[in-house]
Each structure stands twice: as structure tokens, then as C-alpha cells.
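Before any comments, here is the structure.
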Amino acid sequence: MNTNTSLKNKFDSSSKTKVVLLAEDLIKIYKTGESETQALRGVSLKVHEGEKVFLIGPSGSGKTTLVNILAGIDKPTSGKVFWGDLNEDITRSSHEEIIRNRRNYVGVIFQDSKLIPHLTVEENIRLTAHYANLDFEETERRLEFILKFMGIWDKRNKKQNRLSGGEQKRAAIASTLITNPRIIIGDEPTGNLDIVTSSKILDLLDKINVELNVALLIVTHSQLVAQRADRIIEFSDGVILAQHGKDIRLRELKQTRELEIDRQNRIHIPQSILEELNNPKHFTINLENKKIVLKPIYQQEDENENNS
Ligand SMILES: Nc1ncnc2c1ncn2[C@@H]1O[C@H](COP(=O)(O)OP(=O)(O)OP(=O)(O)O)[C@@H](O)[C@H]1O
Ligand SMILES: [Mg+2]
């Protein structure tokens with residue numbers, strides 16, 4: 001299959017649909033004592049209605065930091081985040097405003113369920129609805145539909161800590177869906193499940209995506225998960241390095257990589273290519289037949305190193 005065409009079609013068709021999540025120039029610096037970690041170094045992205053976007057990248061590259069900021073759980077050092085048609089930058093909203101607004105826009109699923117262990121599935125979902133200020137009628141109207149949609153109607157009176165891992169995950173997703181979000185953000189949502197249970201949860205997320213038109217933004221390290229994406233964002237060292245279309249192999253990313261130009265016209269060159277070229281610090285740049293040609297320039301000491 002031609003990945004370039006599929007990615008282009010995806011962008012073209014999605015550009016006509018509404019944006020459910022928009023991030024501009026996110027920077028996050030963690031300060032601990034004397035040391036600073038720049039976890040995000042200028043990240044901008046858009047997710048459209050009904051899109052299925054997955055986020056991949058090495059450990060420590062900033063994926064969790066990014067999704068926590070996008071979900072309003074953490075604040076960036078600078079940059080903006082917009083949810084759907086909500087006309088305000090949520091990085092400037094108070095905690096109360098975020099909780100109130102999140103219900104119509106963003107659902108979050110974590111690796112470990114955040115539901116209360118000694119409450120039943122139904123009680124947990126009602127509690128989420130209560131915190132999100134959902135009125136009684138709306139909660140009643142959605143509760144049965146969602147429990148049945150998630151296949152846990154018959155488990156509704158069981159306590160959360162008496163459920164299997166897969167059922168706990170279904171309950172957690174159900175509690176996210178009660179508030180009718182337009183996008184679900186998940187940080188390795190199936191990371192702690194076995195392959196069979198994990199596949200079932202991924203099937204459910206697909207069903208939520210297709211039948212309820214909820215967009216997905218999912219962080220993953222797993223080939224099994226990544227192969228279900230419409231579009232994959234490759235993260236590296238706090239920036240978006242590249243995008244990939246469908247059908248990628250996580251071990252052979254360079255075959256499908258389309259480098260991303262950010263809002264400041266910057267492109268990041270993959271580390272593996274720089275290493276192959278012996279880490280040059282400068283390049284000449286030329287346009288040749290509408291292709292950009294970068295030629296490495298080696299300083300005197302670099303050349304000595306390369307020749308030795
Ligand atoms: N609360 C924190 N305080 C200080 N540094 C942090 C904090 N959280 C994350 N970091 C640092 O920020 C960087 C990005 O971390 P992050 O957890 O976002 O990476 P990740 O891509 O999610 O990694 P993984 O795939 O292992 O989950 C790392 O260098 C990490 O050590
Ligand atoms: Mg992480």
C-alpha cells in the first residue's frame with residue numbers, strides 16, 4: 001500500500017472536518033533543585049473530529065508530559081491548548097474551569113484505573129457524572145446505553161476491585177464516556193493487560209471511534225496498538241520528529257517517516273541519520289530539481305576524526 005498517498009488523503013479529508021484538539025508551541029521545563037529538564041521543546045499539533053492518532057517515541061521523549069498538558073492535567077511552561085469549539089486557551093483556565101469544560105470535550109484513560117475500588121461500576125460512573133456537573137436526567141439517559149455499549153451492563157453492581165483487569169478498563173472507559181467527550185486521550189491504556197484482553201479493549205476503542213465518532217489520541221509502545229492508527233506522530237526528545245500513515249512497523253520507522261516542519265519552519269533530523277554521517281554540526285543546503293539537498297560540512301577536527 002502507498003503510505004504517502006494514504007497520509008495525504010487523510011490530511012486532505014480531515015482538513016474539512018472540525019478540530020477537536022489544538023496545541024500551539026508547547027514548551028515544558030521541569031525544574032528540580034538545580035537541574036532543569038526541557039521535556040517539550042515547541043510542540044504543535046491538531047487532531048480532527050473522528051481521527052485516530054497514535055503517539056510513539058522512545059522512553060523519556062516527553063509523550064506523557066504532552067498528553068497530560070493536552071488533557072488539562074498539567075500546565076505547560078508556555079504555549080496554548082484549545083479544546084474543540086471552546087474559545088479559550090485551557091492552559092490559562094483554573095482547575096474548576098478545566099473540570100467543568102472537560103466533560104464535553106476530553107476524556108482521559110490512564111494505565112491504572114482511577115476509579116474508586118470499593119464503589120460499584122455504576123456508583124463510580126455516577127460519581128464522575130456528578131463531578132462533571134451532569135444533570136440527573138442526562139446521567140440516567142446515558143448510563144444504560146454506555147454500560148451496554150461497553151459490554152458491562154451485567155457487571156454494573158459489582159465493586160471495581162472485584163472486576164477482572166479487562167472489566168476494570170471497560171468501567172474506566174465507560175466513566176469517561178458518560179460525559180460525552182469528543183476525544184479520548186490515553187497514555188498506554190492497554191500497557192498492563194495481556195494480549196487477548198488488550199485486543200478486546202482496542203476493538204472497543206475502535207468501536208467508540210467509529211460508532212460514536214470520538215477521536216482518539218493514544219500513546220503507545222506497542223506494534224499491536226500502533227497498527228490500528230490512521231496517523232502516527234513520532235516524538236523524539238521533546239519535539240515532533242515525523243508523521244507516519246497507516247501500516248507502520250515500529251522497528252522500521254525510517255521507511256514510513258515524513259519529517260514534520262514545525263510552526264517555526266524547523267525540521268528535526270533523525271538521530272540515526274546524524275550518527276551515520278558522524279554527527280556533523282553544519283550542512284550546506286541547496287535546491288536541486290525541487291529537492292532539498294543537505295551536504296554535511298566537517299570541521300578540521302571532525303575530518304581528522306573521520307579519517308582516523
Ligand atoms: N515531574 C517531573 N519532574 C521532573 N522531570 C520530569 C517529570 N516528569 C517527567 N520528567 C522528565 O521529562 C522527560 C519526559 O518524560 P515523560 O514522562 O514525558 O516521557 P515519556 O515519553 O512519557 O516516557 P515513557 O515512554 O518512559 O513513559 C524525561 O526526561 C523525564 O525524566
Ligand atoms: Mg510516559
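Naming works like this for the C-alpha cells: A, B, ... for the chains as they're shown, residue 1 at the start of each chain, ligands 1 onward in shown order.
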Residues of chain A that approach ligand 1 to 7 Å or less, counting only C-alpha atoms and all ligand atoms: could you list each one with the shortest pair of atoms and its distance in Å to one decimal, rows by chain and increasing residue number, as JSON lines?
```
{"residue": "A:Tyr30", "atom": "CA", "partner": "ligand 1", "partner_atom_place_in_ligand_line": "4 (C)", "distance": 4.8}
{"residue": "A:Lys31", "atom": "CA", "partner": "ligand 1", "partner_atom_place_in_ligand_line": "4 (C)", "distance": 6.3}
{"residue": "A:Thr32", "atom": "CA", "partner": "ligand 1", "partner_atom_place_in_ligand_line": "4 (C)", "distance": 6.1}
{"residue": "A:Thr37", "atom": "CA", "partner": "ligand 1", "partner_atom_place_in_ligand_line": "5 (N)", "distance": 5.9}
{"residue": "A:Gln38", "atom": "CA", "partner": "ligand 1", "partner_atom_place_in_ligand_line": "12 (O)", "distance": 6.8}
{"residue": "A:Ala39", "atom": "CA", "partner": "ligand 1", "partner_atom_place_in_ligand_line": "12 (O)", "distance": 4.4}
{"residue": "A:Gly57", "atom": "CA", "partner": "ligand 1", "partner_atom_place_in_ligand_line": "21 (O)", "distance": 6.4}
{"residue": "A:Pro58", "atom": "CA", "partner": "ligand 1", "partner_atom_place_in_ligand_line": "25 (O)", "distance": 5.7}
{"residue": "A:Ser59", "atom": "CA", "partner": "ligand 1", "partner_atom_place_in_ligand_line": "25 (O)", "distance": 3.4}
{"residue": "A:Gly60", "atom": "CA", "partner": "ligand 1", "partner_atom_place_in_ligand_line": "19 (O)", "distance": 3.4}
{"residue": "A:Ser61", "atom": "CA", "partner": "ligand 1", "partner_atom_place_in_ligand_line": "21 (O)", "distance": 3.9}
{"residue": "A:Gly62", "atom": "CA", "partner": "ligand 1", "partner_atom_place_in_ligand_line": "18 (O)", "distance": 3.2}
{"residue": "A:Lys63", "atom": "CA", "partner": "ligand 1", "partner_atom_place_in_ligand_line": "21 (O)", "distance": 3.8}
{"residue": "A:Thr64", "atom": "CA", "partner": "ligand 1", "partner_atom_place_in_ligand_line": "22 (O)", "distance": 3.7}
{"residue": "A:Thr65", "atom": "CA", "partner": "ligand 1", "partner_atom_place_in_ligand_line": "18 (O)", "distance": 3.7}
{"residue": "A:Leu66", "atom": "CA", "partner": "ligand 1", "partner_atom_place_in_ligand_line": "18 (O)", "distance": 6.5}
```
Selected residues, all heavy atoms, written as a compact mmCIF listing (two decimals), in the first residue's frame, please.
```txt
# COMPACT_ATOMS: atom_id res chain seq x y z
N TYR A 30 10.83 21.12 33.38
CA TYR A 30 10.72 20.69 34.77
C TYR A 30 11.95 21.19 35.50
O TYR A 30 13.07 20.99 35.03
CB TYR A 30 10.70 19.17 34.86
CG TYR A 30 9.45 18.49 34.34
CD1 TYR A 30 9.50 17.74 33.17
CD2 TYR A 30 8.26 18.58 35.02
CE1 TYR A 30 8.37 17.09 32.69
CE2 TYR A 30 7.12 17.93 34.55
CZ TYR A 30 7.18 17.19 33.39
OH TYR A 30 6.07 16.55 32.93
N LYS A 31 11.72 21.80 36.66
CA LYS A 31 12.86 22.24 37.47
C LYS A 31 12.87 21.43 38.75
O LYS A 31 11.89 21.42 39.48
CB LYS A 31 12.72 23.72 37.82
CG LYS A 31 12.90 24.61 36.62
CD LYS A 31 13.10 26.06 37.04
CE LYS A 31 13.29 26.89 35.78
NZ LYS A 31 12.44 28.02 35.64
N THR A 32 13.97 20.72 38.98
CA THR A 32 14.10 20.02 40.26
C THR A 32 15.44 20.42 40.87
O THR A 32 16.48 20.05 40.33
CB THR A 32 14.05 18.48 40.07
OG1 THR A 32 14.52 18.15 38.79
CG2 THR A 32 12.67 17.90 40.26
N THR A 37 14.93 20.03 33.16
CA THR A 37 14.72 19.12 32.03
C THR A 37 13.74 19.79 31.08
O THR A 37 12.63 20.15 31.49
CB THR A 37 14.09 17.78 32.49
OG1 THR A 37 14.89 17.26 33.52
CG2 THR A 37 14.00 16.78 31.34
N GLN A 38 14.15 19.94 29.83
CA GLN A 38 13.23 20.51 28.86
C GLN A 38 12.49 19.35 28.19
O GLN A 38 12.98 18.74 27.25
CB GLN A 38 13.97 21.36 27.84
CG GLN A 38 13.02 22.32 27.17
CD GLN A 38 13.71 23.42 26.39
OE1 GLN A 38 14.92 23.54 26.39
NE2 GLN A 38 12.91 24.23 25.71
N ALA A 39 11.32 19.02 28.74
CA ALA A 39 10.60 17.82 28.28
C ALA A 39 9.85 18.07 26.97
O ALA A 39 9.70 17.16 26.17
CB ALA A 39 9.63 17.36 29.36
N GLY A 57 7.36 7.02 20.44
CA GLY A 57 8.66 7.66 20.67
C GLY A 57 9.35 7.00 21.82
O GLY A 57 8.70 6.35 22.66
N PRO A 58 10.68 7.16 21.89
CA PRO A 58 11.44 6.48 22.94
C PRO A 58 11.03 6.91 24.35
O PRO A 58 10.43 7.97 24.53
CB PRO A 58 12.89 6.91 22.69
CG PRO A 58 12.90 7.62 21.40
CD PRO A 58 11.50 8.00 21.04
N SER A 59 11.38 6.09 25.31
CA SER A 59 11.13 6.41 26.71
C SER A 59 11.83 7.72 27.06
O SER A 59 12.98 7.94 26.68
CB SER A 59 11.67 5.26 27.56
OG SER A 59 11.35 5.49 28.88
N GLY A 60 11.11 8.61 27.76
CA GLY A 60 11.71 9.88 28.18
C GLY A 60 11.61 10.96 27.11
O GLY A 60 12.12 12.07 27.30
N SER A 61 10.93 10.69 25.98
CA SER A 61 10.90 11.69 24.90
C SER A 61 9.83 12.76 25.14
O SER A 61 9.77 13.74 24.41
CB SER A 61 10.71 11.01 23.54
OG SER A 61 9.54 10.22 23.52
N GLY A 62 8.96 12.58 26.15
CA GLY A 62 8.01 13.63 26.50
C GLY A 62 6.55 13.33 26.19
O GLY A 62 5.70 14.21 26.27
N LYS A 63 6.22 12.07 25.88
CA LYS A 63 4.85 11.72 25.48
C LYS A 63 3.85 11.94 26.61
O LYS A 63 2.80 12.55 26.41
CB LYS A 63 4.79 10.25 25.01
CG LYS A 63 5.76 9.93 23.88
CD LYS A 63 5.72 8.47 23.48
CE LYS A 63 6.12 7.48 24.57
NZ LYS A 63 7.52 7.59 25.05
N THR A 64 4.19 11.44 27.80
CA THR A 64 3.28 11.60 28.94
C THR A 64 3.13 13.08 29.29
O THR A 64 2.02 13.55 29.55
CB THR A 64 3.81 10.80 30.16
OG1 THR A 64 3.79 9.42 29.80
CG2 THR A 64 2.97 11.01 31.39
N THR A 65 4.25 13.79 29.28
CA THR A 65 4.20 15.22 29.55
C THR A 65 3.23 15.90 28.59
O THR A 65 2.36 16.68 28.99
CB THR A 65 5.62 15.83 29.38
OG1 THR A 65 6.51 15.13 30.23
CG2 THR A 65 5.63 17.30 29.69
N LEU A 66 3.33 15.55 27.31
CA LEU A 66 2.46 16.17 26.30
C LEU A 66 0.99 15.84 26.54
O LEU A 66 0.15 16.75 26.61
CB LEU A 66 2.88 15.71 24.89
CG LEU A 66 1.97 16.22 23.77
CD1 LEU A 66 2.01 17.74 23.66
CD2 LEU A 66 2.35 15.60 22.43
```
Practice problem: Could you find all residues in segment 70-162 of chain A that DSSP calls alpha helix (DSSP H) from the backbone, and write them as number ranges by chain? | Solution: A: 70, 95-105, 121-131, 136-149
Would you mind exporting C-alpha atoms of the selected residues as an mmCIF file, in the first residue's frame?
```cif
data_model
loop_
_atom_site.group_PDB
_atom_site.id
_atom_site.type_symbol
_atom_site.label_atom_id
_atom_site.label_comp_id
_atom_site.auth_asym_id
_atom_site.auth_seq_id
_atom_site.Cartn_x
_atom_site.Cartn_y
_atom_site.Cartn_z
ATOM 1 C CA LEU A 70 -3.349 18.331 26.329
ATOM 2 C CA HIS A 95 -8.737 23.801 37.884
ATOM 3 C CA GLU A 96 -12.511 24.243 38.345
ATOM 4 C CA GLU A 97 -12.980 25.586 34.813
ATOM 5 C CA ILE A 98 -10.998 22.669 33.401
ATOM 6 C CA ILE A 99 -13.106 20.086 35.230
ATOM 7 C CA ARG A 100 -16.304 21.806 34.102
ATOM 8 C CA ASN A 101 -15.226 22.129 30.467
ATOM 9 C CA ARG A 102 -13.505 18.799 30.099
ATOM 10 C CA ARG A 103 -16.759 16.840 30.179
ATOM 11 C CA ASN A 104 -17.886 17.967 26.730
ATOM 12 C CA TYR A 105 -14.518 17.789 25.099
ATOM 13 C CA VAL A 121 -19.209 0.273 38.485
ATOM 14 C CA GLU A 122 -22.466 2.220 38.423
ATOM 15 C CA GLU A 123 -21.578 4.244 41.534
ATOM 16 C CA ASN A 124 -18.200 5.154 40.071
ATOM 17 C CA ILE A 125 -19.763 6.321 36.824
ATOM 18 C CA ARG A 126 -22.429 8.325 38.673
ATOM 19 C CA LEU A 127 -19.684 9.936 40.740
ATOM 20 C CA THR A 128 -17.820 11.000 37.586
ATOM 21 C CA ALA A 129 -21.080 12.410 36.211
ATOM 22 C CA HIS A 130 -21.643 14.274 39.493
ATOM 23 C CA TYR A 131 -18.141 15.811 39.456
ATOM 24 C CA PHE A 136 -29.634 13.633 36.792
ATOM 25 C CA GLU A 137 -31.758 13.036 33.667
ATOM 26 C CA GLU A 138 -28.783 13.158 31.344
ATOM 27 C CA THR A 139 -26.850 10.733 33.553
ATOM 28 C CA GLU A 140 -29.801 8.307 33.591
ATOM 29 C CA ARG A 141 -30.231 8.607 29.833
ATOM 30 C CA ARG A 142 -26.587 7.833 29.068
ATOM 31 C CA LEU A 143 -25.792 5.311 31.813
ATOM 32 C CA GLU A 144 -27.621 2.276 30.428
ATOM 33 C CA PHE A 145 -26.526 2.961 26.855
ATOM 34 C CA ILE A 146 -22.866 3.264 27.839
ATOM 35 C CA LEU A 147 -22.801 0.228 30.135
ATOM 36 C CA LYS A 148 -24.341 -1.857 27.345
ATOM 37 C CA PHE A 149 -22.072 -0.314 24.705
#
```
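Taking atom CA of Ile269 of chain A as the reference point, atom CA of Leu241 of chain A is found at 7.5 Å.
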Quiz item: Near Leu119 of chain A, within 10 Å and counting only C-alpha atoms, which residues show up once chain neighbours fewer than 6 positions away are dropped, as a VMD selection string?
Solution: chain A and resid 125 127 157 to 162
Let's have the selection written as a CSV table (one decimal), in the first residue's frame, with C-alpha atoms.
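This is the output file again24.csv:
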```csv
chain,number,residue,atom,x,y,z
A,125,ILE,CA,-19.8,6.3,36.8
A,127,LEU,CA,-19.7,9.9,40.7
A,157,ASN,CA,-23.5,-3.7,40.6
A,158,LYS,CA,-20.0,-5.2,41.1
A,159,LYS,CA,-17.4,-3.4,43.0
A,160,GLN,CA,-14.5,-2.1,40.9
A,161,ASN,CA,-11.9,-4.2,42.8
A,162,ARG,CA,-13.9,-7.3,42.2
```
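The spacing separating atom CA of Asn278 of chain A from atom CA of Val293 of chain A amounts to 17.6 Å.
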Exercise. Skip Asn68 of chain A itself and residues of its chain fewer than 5 positions away, then list as a PyMOL selection string all residues within 9 Å of it, counting only C-alpha atoms.
Key: chain A and resi 63+73-75+185+187
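Residue nearest Asp203 of chain A within the list A:Ile56, A:Ile90, A:Ile116, A:Met150: A:Met150 [criterion: smallest interatomic distance, only C-alpha atoms].
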Quiz item: Could you name the residues that touch segment 204-211 of chain A at 8 Å or less, counting only C-alpha atoms, but leaving out those on the same chain fewer than 3 positions away, as a ChimeraX atom specification?
Solution: /A:50-52,150,200-201,214-216
Selected residues written out with C-alpha atoms, as a short mmCIF file (atom, residue, chain, number, x, y, z; two decimals), in the first residue's frame:
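Just written: part15.cif:
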```cif
data_model
loop_
_atom_site.label_atom_id
_atom_site.label_comp_id
_atom_site.auth_asym_id
_atom_site.auth_seq_id
_atom_site.Cartn_x
_atom_site.Cartn_y
_atom_site.Cartn_z
CA GLY A 50 -13.20 11.28 14.50
CA GLU A 51 -9.46 10.90 13.82
CA LYS A 52 -7.41 8.09 15.31
CA MET A 150 -19.05 -1.27 26.81
CA LYS A 200 -10.57 -6.56 23.06
CA ILE A 201 -10.11 -3.14 24.66
CA VAL A 214 -14.97 10.12 19.21
CA ALA A 215 -11.39 10.97 18.15
CA LEU A 216 -8.54 9.07 19.81
#
```
Exercise. Find the residue from A:Pro296, A:Lys169, A:Leu55, A:Glu258 that sits nearest to ligand 2; use only C-alpha atoms and all ligand atoms when measuring.
Key: A:Leu55
